[in-house]
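Dumped upload-v3.cif below, it's mmCIF, C-alpha atoms:
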data_upload
#
loop_
_atom_site.label_atom_id
_atom_site.label_comp_id
_atom_site.auth_asym_id
_atom_site.auth_seq_id
_atom_site.Cartn_x
_atom_site.Cartn_y
_atom_site.Cartn_z
CA MET A 3 -8.47 -131.15 80.96
CA SER A 4 -5.77 -130.94 78.35
CA THR A 5 -2.12 -130.50 79.20
CA SER A 6 -1.54 -127.91 76.47
CA ALA A 7 -4.25 -125.77 78.08
CA ASP A 8 -2.60 -126.20 81.48
CA LYS A 9 0.64 -125.08 79.94
CA LEU A 10 -0.98 -121.97 78.46
CA VAL A 11 -2.40 -121.01 81.84
CA GLU A 12 0.90 -121.69 83.53
CA GLU A 13 2.74 -119.49 81.03
CA TYR A 14 0.17 -116.75 81.51
CA LEU A 15 0.56 -116.79 85.30
CA ASP A 16 4.36 -116.84 84.95
CA ARG A 17 4.17 -113.77 82.75
CA LEU A 18 1.95 -112.03 85.29
CA GLU A 19 4.37 -112.93 88.05
CA ARG A 20 7.24 -111.39 86.09
CA GLU A 21 5.25 -108.23 85.35
CA LEU A 22 4.67 -107.86 89.09
CA ALA A 23 8.31 -108.52 89.97
CA ASP A 24 8.78 -105.11 91.59
CA PHE A 25 5.76 -105.51 93.91
CA PRO A 26 5.96 -106.51 97.56
CA SER A 27 5.75 -110.29 97.56
CA ALA A 28 2.54 -110.44 99.63
CA ARG A 29 0.69 -108.26 97.13
CA ARG A 30 2.12 -110.14 94.17
CA ARG A 31 1.12 -113.51 95.62
CA GLU A 32 -2.38 -112.30 96.41
CA LEU A 33 -2.99 -110.89 92.94
CA VAL A 34 -1.57 -113.92 91.13
CA GLN A 35 -3.72 -116.17 93.35
CA GLU A 36 -6.87 -114.19 92.55
CA ILE A 37 -6.22 -114.32 88.81
CA SER A 38 -5.38 -118.01 89.07
CA ASP A 39 -8.62 -118.72 90.98
CA HIS A 40 -10.58 -116.75 88.42
CA ILE A 41 -9.10 -118.72 85.53
CA ALA A 42 -9.74 -122.00 87.36
CA GLU A 43 -13.39 -121.11 87.95
CA ALA A 44 -13.86 -119.95 84.37
CA ARG A 45 -12.33 -123.20 83.11
CA ALA A 46 -14.56 -125.24 85.37
CA ALA A 47 -17.58 -123.53 83.82
CA LEU A 48 -16.61 -124.67 80.33
CA GLU A 49 -18.50 -127.73 79.15
CA SER A 50 -15.74 -129.29 77.15
CA GLU A 51 -12.50 -127.43 77.21
CA SER A 52 -10.53 -126.95 74.02
CA GLU A 53 -7.26 -125.12 73.65
CA ALA A 54 -9.09 -122.40 71.76
CA ASP A 55 -11.47 -121.96 74.72
CA VAL A 56 -8.57 -121.44 77.06
CA ARG A 57 -6.89 -119.01 74.68
CA ASN A 58 -10.11 -117.00 74.48
CA LEU A 59 -10.41 -117.05 78.22
CA LEU A 60 -6.86 -115.75 78.68
CA ASP A 61 -7.47 -113.09 76.05
CA ARG A 62 -10.47 -111.91 78.03
CA MET A 63 -8.36 -111.77 81.18
CA GLY A 64 -6.15 -109.30 79.36
CA ASP A 65 -2.44 -108.74 78.94
CA PRO A 66 -0.54 -109.36 82.21
CA ALA A 67 1.19 -106.01 81.58
CA ASP A 68 -2.22 -104.28 81.69
CA ILE A 69 -3.11 -106.01 84.94
CA ALA A 70 0.23 -104.96 86.43
CA ALA A 71 -0.31 -101.40 85.18
CA GLU A 72 -3.71 -101.29 86.87
CA ALA A 73 -2.16 -102.61 90.08
CA ARG A 74 0.47 -99.91 89.89
CA GLY A 75 -2.33 -97.38 90.07
CA PRO A 76 -3.72 -94.77 87.74
CA VAL A 77 -1.15 -92.70 85.87
CA ALA A 78 -0.85 -89.20 87.30
CA GLU A 79 -2.34 -87.50 84.22
CA THR A 80 -5.45 -89.64 84.07
CA ALA A 81 -6.11 -89.94 87.78
CA PRO A 82 -9.16 -88.22 89.20
CA GLY A 83 -8.86 -86.30 92.44
CA GLY A 84 -6.28 -83.96 93.87
CA ALA A 85 -3.46 -86.25 94.86
CA PRO A 86 -1.56 -86.29 91.55
CA ILE A 87 -1.62 -82.48 91.39
CA VAL A 88 -0.03 -82.30 94.83
CA GLU A 89 2.47 -84.85 93.58
CA ARG A 90 3.29 -82.75 90.56
CA ARG A 91 3.62 -79.62 92.69
CA SER A 92 6.04 -81.27 95.09
CA ARG A 93 7.89 -82.60 92.06
CA ALA A 94 8.34 -79.03 90.85
CA LEU A 95 9.63 -78.06 94.31
CA ASP A 96 12.10 -80.93 94.19
CA VAL A 97 13.45 -79.75 90.85
CA ALA A 98 13.65 -76.20 92.24
CA ALA A 99 15.63 -77.54 95.21
CA LEU A 100 18.20 -79.12 92.89
CA ILE A 101 18.53 -76.00 90.74
CA LEU A 102 18.95 -73.77 93.80
CA LEU A 103 21.49 -76.12 95.36
CA LEU A 104 23.55 -75.94 92.20
CA ILE A 105 23.35 -72.28 91.14
CA GLY A 106 21.21 -70.57 93.80
CA GLY A 107 24.30 -69.31 95.59
CA VAL A 108 25.66 -67.85 92.37
CA VAL A 109 22.47 -65.88 91.73
CA ILE A 110 21.86 -64.74 95.31
CA PRO A 111 24.99 -65.43 97.36
CA VAL A 112 24.42 -67.75 100.36
CA ILE A 113 20.64 -67.19 100.53
CA GLY A 114 19.90 -68.81 97.17
CA TRP A 115 21.75 -71.95 98.21
CA LEU A 116 20.19 -71.96 101.71
CA VAL A 117 16.69 -71.92 100.20
CA GLY A 118 17.76 -74.93 98.13
CA VAL A 119 18.90 -76.72 101.30
CA VAL A 120 15.58 -76.03 103.03
CA LEU A 121 13.63 -77.35 100.01
CA LEU A 122 15.89 -80.40 99.93
CA TRP A 123 15.25 -81.26 103.57
CA ILE A 124 11.47 -80.75 103.51
CA SER A 125 11.12 -82.91 100.40
CA SER A 126 10.10 -86.54 100.65
CA ALA A 127 11.91 -87.45 97.44
CA TRP A 128 15.22 -88.30 99.11
CA THR A 129 16.50 -90.27 102.07
CA ALA A 130 18.28 -88.52 104.94
CA ARG A 131 21.62 -89.78 103.67
CA GLN A 132 21.01 -88.39 100.22
CA LYS A 133 19.96 -85.07 101.76
CA LEU A 134 23.15 -84.95 103.82
CA LEU A 135 25.17 -85.60 100.68
CA GLY A 136 23.32 -82.85 98.83
CA THR A 137 24.06 -80.41 101.67
CA LEU A 138 27.73 -81.25 102.22
CA VAL A 139 28.84 -81.85 98.62
CA VAL A 140 29.43 -79.04 97.90
CA PRO A 141 28.35 -76.38 100.43
CA GLY A 142 27.21 -73.41 98.39
CA GLY A 143 26.98 -75.45 95.21
CA LEU A 144 28.72 -73.88 92.22
CA ALA A 145 28.96 -70.63 94.17
CA LEU A 146 31.94 -72.01 96.10
CA PRO A 147 34.24 -72.72 93.11
CA VAL A 148 32.97 -69.58 91.37
CA GLY A 149 33.69 -67.56 94.53
CA ILE A 150 37.18 -69.00 94.81
CA LEU A 151 37.78 -68.17 91.19
CA VAL A 152 36.65 -64.56 91.64
CA VAL A 153 38.75 -64.04 94.78
CA ALA A 154 41.78 -65.72 93.25
CA THR A 155 41.74 -63.75 90.01
CA SER A 156 41.25 -60.41 91.76
CA GLY A 157 44.02 -61.25 94.23
CA SER A 158 46.49 -62.26 91.58
CA ALA A 159 45.90 -59.14 89.54
CA CYS A 160 48.90 -57.33 88.23
CA ILE A 161 51.07 -55.92 90.92
CA GLN A 162 52.20 -52.42 90.21
CA GLU A 163 55.69 -52.08 91.44
CA PRO A 164 58.30 -49.52 90.57
CA ILE A 165 61.29 -51.16 89.07
CA PRO A 166 64.42 -49.11 89.14
CA GLY A 167 65.40 -47.93 85.72
CA ALA A 168 62.32 -49.11 84.02
CA GLY A 169 59.74 -46.84 85.61
CA VAL A 170 56.56 -48.28 86.81
CA GLN A 171 55.88 -51.58 85.20
CA PRO A 172 52.98 -53.77 86.03
CA ILE A 173 54.15 -57.20 86.89
CA CYS A 174 51.58 -59.61 85.70
CA SER A 175 52.03 -63.20 86.31
CA SER A 176 52.13 -64.53 82.83
CA GLY A 177 51.91 -68.26 82.56
CA TRP A 178 50.90 -70.59 85.35
CA ASP A 179 52.67 -70.89 88.61
CA SER A 180 52.17 -74.01 90.67
CA GLY A 181 49.73 -72.29 93.05
CA GLN A 182 47.45 -71.37 90.19
CA ILE A 183 47.50 -74.89 88.80
CA VAL A 184 46.56 -76.38 92.15
CA GLY A 185 43.90 -73.69 92.57
CA SER A 186 42.40 -74.44 89.16
CA ILE A 187 42.29 -78.14 89.92
CA VAL A 188 40.54 -77.50 93.24
CA VAL A 189 38.01 -75.22 91.56
CA ALA A 190 37.38 -77.76 88.80
CA LEU A 191 36.99 -80.60 91.31
CA LEU A 192 34.57 -78.59 93.46
CA ALA A 193 32.50 -77.72 90.41
CA ALA A 194 32.52 -81.32 89.16
CA ALA A 195 31.59 -82.70 92.62
CA SER A 196 28.77 -80.21 92.92
CA ILE A 197 27.34 -81.07 89.50
CA ALA A 198 27.78 -84.82 90.06
CA THR A 199 25.85 -84.64 93.36
CA ILE A 200 22.95 -82.80 91.74
CA VAL A 201 22.84 -85.28 88.85
CA TYR A 202 22.86 -88.14 91.37
CA LEU A 203 20.04 -86.58 93.40
CA GLY A 204 18.05 -85.96 90.22
CA ARG A 205 18.34 -89.65 89.28
CA ARG A 206 17.45 -90.75 92.81
CA MET A 207 14.43 -88.47 92.76
CA SER A 208 12.90 -90.16 89.72
CA ARG A 209 13.76 -93.63 91.01
CA ASN A 210 12.28 -92.97 94.45
CA ALA A 211 9.15 -91.61 92.76
CA GLU A 212 8.80 -94.82 90.75
CA VAL A 213 9.09 -96.98 93.83
CA ALA A 214 6.56 -94.82 95.68
CA ALA A 215 4.10 -95.24 92.84
CA GLY A 216 4.36 -99.05 93.05
CA MET B 6 -3.59 -97.28 65.81
CA VAL B 7 -4.89 -95.69 68.96
CA THR B 8 -6.90 -92.62 68.06
CA ALA B 9 -7.63 -89.76 70.45
CA GLN B 10 -11.20 -91.02 70.62
CA ASP B 11 -10.10 -94.52 71.61
CA ALA B 12 -7.89 -93.03 74.31
CA LEU B 13 -10.77 -90.91 75.61
CA LEU B 14 -13.14 -93.87 75.72
CA ALA B 15 -10.54 -95.96 77.52
CA GLN B 16 -10.09 -93.21 80.08
CA MET B 17 -13.81 -92.76 80.59
CA ARG B 18 -14.23 -96.49 81.01
CA ARG B 19 -11.39 -96.60 83.43
CA GLY B 20 -12.65 -93.67 85.46
CA THR B 21 -16.21 -94.93 85.73
CA LEU B 22 -15.48 -98.63 86.18
CA GLN B 23 -14.95 -98.40 89.91
CA TYR B 24 -18.42 -96.87 90.33
CA CYS B 25 -19.90 -99.68 88.28
CA VAL B 26 -18.21 -102.09 90.68
CA LEU B 27 -19.61 -100.18 93.67
CA SER B 28 -23.07 -100.23 92.03
CA LEU B 29 -22.94 -104.00 91.60
CA LEU B 30 -22.20 -104.26 95.31
CA ALA B 31 -24.96 -101.83 96.34
CA ASP B 32 -27.58 -104.49 97.03
CA GLU B 33 -25.65 -107.67 97.64
CA GLU B 34 -22.18 -108.93 98.40
CA ARG B 35 -20.37 -110.66 95.58
CA TYR B 36 -17.08 -112.44 95.05
CA GLY B 37 -14.49 -111.59 92.39
CA PHE B 38 -15.49 -113.97 89.63
CA ASP B 39 -19.15 -113.12 90.05
CA LEU B 40 -18.40 -109.38 89.92
CA VAL B 41 -16.32 -109.73 86.78
CA ARG B 42 -19.07 -111.73 85.11
CA GLY B 43 -21.59 -109.07 86.07
CA LEU B 44 -19.44 -106.36 84.51
CA ALA B 45 -18.56 -108.37 81.40
CA GLU B 46 -22.23 -108.95 80.65
CA MET B 47 -22.48 -105.34 79.56
CA ASP B 48 -20.79 -104.93 76.21
CA GLY B 49 -17.97 -102.40 76.14
CA MET B 50 -17.47 -102.00 79.88
CA VAL B 51 -14.52 -104.27 80.56
CA THR B 52 -11.79 -105.04 78.04
CA SER B 53 -9.42 -106.89 80.38
CA GLU B 54 -11.24 -108.86 83.05
CA GLY B 55 -8.05 -109.38 85.01
CA THR B 56 -7.74 -105.66 85.76
CA ILE B 57 -10.80 -105.87 88.04
CA TYR B 58 -8.75 -107.59 90.75
CA PRO B 59 -6.20 -104.81 91.25
CA LEU B 60 -9.13 -102.39 91.16
CA LEU B 61 -10.90 -104.32 93.94
CA SER B 62 -7.73 -104.33 95.96
CA ARG B 63 -7.46 -100.56 95.61
CA LEU B 64 -11.11 -100.03 96.60
CA ARG B 65 -10.41 -102.13 99.66
CA ARG B 66 -7.34 -100.12 100.59
CA ASP B 67 -9.32 -96.91 100.07
CA GLY B 68 -11.97 -98.22 102.45
CA LEU B 69 -14.80 -98.14 99.90
CA VAL B 70 -15.37 -101.89 100.06
CA GLU B 71 -14.61 -104.53 102.65
CA SER B 72 -14.21 -108.24 102.17
CA ASN B 73 -14.40 -111.51 104.01
CA TRP B 74 -13.68 -115.10 103.07
CA GLN B 75 -16.47 -117.62 102.76
CA GLU B 76 -16.40 -121.31 101.97
CA SER B 77 -17.54 -122.13 98.47
CA PRO B 78 -19.73 -125.13 97.61
CA SER B 79 -17.07 -126.04 95.04
CA GLY B 80 -13.40 -125.20 94.95
CA PRO B 81 -11.35 -122.93 97.25
CA PRO B 82 -12.85 -120.30 99.64
CA ARG B 83 -14.02 -117.09 98.02
CA ARG B 84 -13.41 -113.52 99.00
CA TYR B 85 -16.72 -111.68 99.16
CA TYR B 86 -16.88 -107.92 98.79
CA ARG B 87 -19.44 -105.53 100.18
CA LEU B 88 -19.84 -101.73 100.29
CA THR B 89 -18.71 -99.78 103.32
CA THR B 90 -20.50 -96.63 104.46
CA ALA B 91 -17.80 -94.59 102.73
CA GLY B 92 -18.29 -96.67 99.58
CA ARG B 93 -22.03 -96.01 99.62
CA ALA B 94 -21.44 -92.28 100.08
CA ALA B 95 -18.95 -92.26 97.18
CA LEU B 96 -21.44 -94.08 94.98
CA ASP B 97 -24.29 -91.71 95.85
CA GLY B 98 -22.08 -88.71 95.17
CA PHE B 99 -20.98 -90.08 91.83
CA ARG B 100 -24.54 -90.97 90.83
CA LEU B 101 -25.63 -87.36 91.25
CA GLU B 102 -22.69 -85.93 89.33
CA TRP B 103 -22.93 -88.57 86.64
CA ARG B 104 -26.59 -87.80 85.93
CA ARG B 105 -25.84 -84.11 85.59
CA PHE B 106 -22.90 -84.78 83.29
CA ARG B 107 -24.78 -87.36 81.21
CA ASP B 108 -27.80 -85.09 80.79
CA ALA B 109 -25.60 -82.15 79.82
CA VAL B 110 -23.73 -84.15 77.17
CA ASP B 111 -26.97 -85.74 75.92
CA HIS B 112 -28.50 -82.30 75.63
CA PHE B 113 -25.99 -81.38 72.95
CA VAL B 114 -25.04 -84.67 71.38
CA GLU B 115 -28.53 -86.15 71.02
CA ARG B 116 -30.01 -82.94 69.63
CA THR B 117 -27.69 -82.79 66.64
CA GLU B 118 -28.23 -86.47 65.89
CA SER B 119 -32.04 -86.17 65.72
CA LYS B 120 -31.89 -83.55 62.96
#

Turn the structure described in the file into C-alpha cells.
Amino acid sequence: MSTSADKLVEEYLDRLERELADFPSARRRELVQEISDHIAEARAALESESEADVRNLLDRMGDPADIAAEARGPVAETAPGGAPIVERRSRALDVAALILLLIGGVVIPVIGWLVGVVLLWISSAWTARQKLLGTLVVPGGLALPVGILVVATSGSACIQEPIPGAGVQPICSSGWDSGQIVGSIVVALLAAASIATIVYLGRRMSRNAEVAAG
Amino acid sequence: MVTAQDALLAQMRRGTLQYCVLSLLADEERYGFDLVRGLAEMDGMVTSEGTIYPLLSRLRRDGLVESNWQESPSGPPRRYYRLTTAGRAALDGFRLEWRRFRDAVDHFVERTESK
C-alpha cells in the first residue's frame, strides 16, 4: 500500500465531504462511509496496487460533485413521476401570491390583496414568521401608498374661493407645504417597505426550495 | 461538448438505472460493492460507480428495497439489500412498460437500419 495512493483517496473523500457540506451530518457520514468502504474493497481486490490503479479506481467512482448531485435527488425537469409537476404548480402559486400581495390591491381593491394573503398562508414556501411579515408589511401592498396618494391629491385640489376684488380665483397650492412633504415621504416609505418585503419573500422562497430539495 | 444525444442517453441511463438495480436484487440479496460490480460489468450502464450509493439510499427511503447488516468474512460489516414487495411490484410494472416501449422503438429504428 503506497502512501501517495492513500493520499489520493483521502483527498477524494475530503472533496466528497465538502460537496455534501449542506447535508444533514448523519446522511453525509453514511454516504462518505459507503464510498470509503467501496474504495477500500476495490483496493483490496487489486493484486499489486500502483498509483495509476488508484487513480483509475477513483475515476470510475466518479466526480464527488456528481455523487452529491445524485444524493440531492433528480432535477425537477428530468424526474419521472408527478411530484415535480406538483412542485412546479405550487411554485407558480407562490409567485402569484407575491404578485398579488404587491399589486393585487391596486388592480382589485382589497380583494386582490386578500387573495394574495390567502395564497401566502397556504403555501409551504415560507415560515410563519415570514408569512406574518408579508401580511403586515405593508397591509394592502402598494395599494396603500397608492390609495393615500389618490386621496391626498383629490383632497388638496384647488379650492375655489371668492376673493374680494379679484372675482373667483382658484387657490391652488403651488409648491410644497410641510404636510405634503411629510405625506410624500410616508407614501414613498410605504411603497419601499412593501417592495422590499416582496423581494425578501421572493429570495426566501428560492432558498427554502433549495433546502427542501436537499 | 455535450450534445443533445449525449444528454438524452444520460437521462435514459439515469431513469432506467434504478430498475436495473431492482432487477439485480430480484433473485438474491447483494451488498453495495457487489451490486456496483454487477452493474459495471455491462458496458455503458454506469459512468460513475459512486452514484449508486445515493441511489440505493433513495430506493431504501422510498421503500423499494430494505437492508440489513451482515458480518463479512473480510473487512467491516456489509449492508445487504433486498427487494421489498413494493420494489417487486415496481419492477414488474416497469418490465411491462419497458418491453412495450422497447418494441415500439425497435419497430421503427431497426426497420430503417436493415434496408

Using only C-alpha atoms, which residue out of A:Ala73, A:Ala44, A:Ala67, A:Ala7 lies closest to chain B?
A:Ala73

With a distance cut-off of 7 Å and only C-alpha atoms, select the neighbouring residues of range 14-27 of chain A, excluding the residue or stretch itself and same-chain residues fewer than 5 positions from it, and output the selection as number ranges by chain.
A: 34, 66-67, 70, 216

For this structure, which residues satisfy the selection - the PyMOL selection byres ((chain A and resi 127) around 10) - when it is evaluated on the file as given? I want them as a PyMOL selection string.
chain A and resi 92-93+96+122-126+128-130+132-133+203-204+206-211+214

Distance filter 12 Å, all atoms listed in the file, chain B against chain A, as a PyMOL selection string:
chain B and resi 12-13+15-21+23+36-42+45+51-64+66+77+79-84

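Against the coordinates shown, the PyMOL selection byres ((chain B and resi 87) around 7) returns Leu30, Glu34, Arg35, Val70, Glu71, Ser72, Tyr85, Tyr86, Leu88 and Thr89 of chain B.
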
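Excluding Leu138 in chain A and any residue on its chain fewer than 2 positions from it, the residues at most 12 Å away by all atoms listed in the file are Leu103, Trp115, Leu116, Val119, Arg131, Gln132, Lys133, Leu134, Leu135, Gly136, Val140, Pro141, Gly142, Gly143, Leu146, Leu192, Ala195, Ser196, Thr199 and Ile200 of chain A.
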
To one decimal in Å, tell me the separation between CA of Pro111 in chain A and CA of Gly149 in chain A.
9.4 Å

Might you spell out which residues the PyMOL selection byres ((chain A and resi 183-187) around 12) would select in the displayed file, as a PDB file with C-alpha atoms, in the coordinates of the input?
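Output saved as selection-v1.pdb:
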ATOM      1  CA  PRO A 147      34.240 -72.720  93.110  1.00  0.00           C
ATOM      2  CA  VAL A 148      32.970 -69.580  91.370  1.00  0.00           C
ATOM      3  CA  ILE A 150      37.180 -69.000  94.810  1.00  0.00           C
ATOM      4  CA  LEU A 151      37.780 -68.170  91.190  1.00  0.00           C
ATOM      5  CA  VAL A 152      36.650 -64.560  91.640  1.00  0.00           C
ATOM      6  CA  VAL A 153      38.750 -64.040  94.780  1.00  0.00           C
ATOM      7  CA  ALA A 154      41.780 -65.720  93.250  1.00  0.00           C
ATOM      8  CA  THR A 155      41.740 -63.750  90.010  1.00  0.00           C
ATOM      9  CA  SER A 158      46.490 -62.260  91.580  1.00  0.00           C
ATOM     10  CA  GLY A 177      51.910 -68.260  82.560  1.00  0.00           C
ATOM     11  CA  TRP A 178      50.900 -70.590  85.350  1.00  0.00           C
ATOM     12  CA  ASP A 179      52.670 -70.890  88.610  1.00  0.00           C
ATOM     13  CA  SER A 180      52.170 -74.010  90.670  1.00  0.00           C
ATOM     14  CA  GLY A 181      49.730 -72.290  93.050  1.00  0.00           C
ATOM     15  CA  GLN A 182      47.450 -71.370  90.190  1.00  0.00           C
ATOM     16  CA  VAL A 188      40.540 -77.500  93.240  1.00  0.00           C
ATOM     17  CA  VAL A 189      38.010 -75.220  91.560  1.00  0.00           C
ATOM     18  CA  ALA A 190      37.380 -77.760  88.800  1.00  0.00           C
ATOM     19  CA  LEU A 191      36.990 -80.600  91.310  1.00  0.00           C
ATOM     20  CA  LEU A 192      34.570 -78.590  93.460  1.00  0.00           C
ATOM     21  CA  ALA A 193      32.500 -77.720  90.410  1.00  0.00           C
ATOM     22  CA  ALA A 194      32.520 -81.320  89.160  1.00  0.00           C
ATOM     23  CA  ALA A 195      31.590 -82.700  92.620  1.00  0.00           C
TER      24      ALA A 195
END

Can you work out the spacing between CA of Val201 in chain A and CA of Ala99 in chain A in Å, to one decimal?
12.3 Å

Assuming 3 Å of padding per side, give the centre and edge lengths of the axis-aligned box around every listed atom of range 94-98 of chain B, in Å to one decimal and as AutoDock Vina command-line options.
--center_x -21.6 --center_y -91.4 --center_z 97.5 --size_x 11.3 --size_y 11.4 --size_z 11.1

Go ahead and compute the interatomic distance for CA of Arg205 in chain A and CA of Val112 in chain A, in Å to one decimal.
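Separation between CA of Arg205 in chain A and CA of Val112 in chain A: 25.3 Å.
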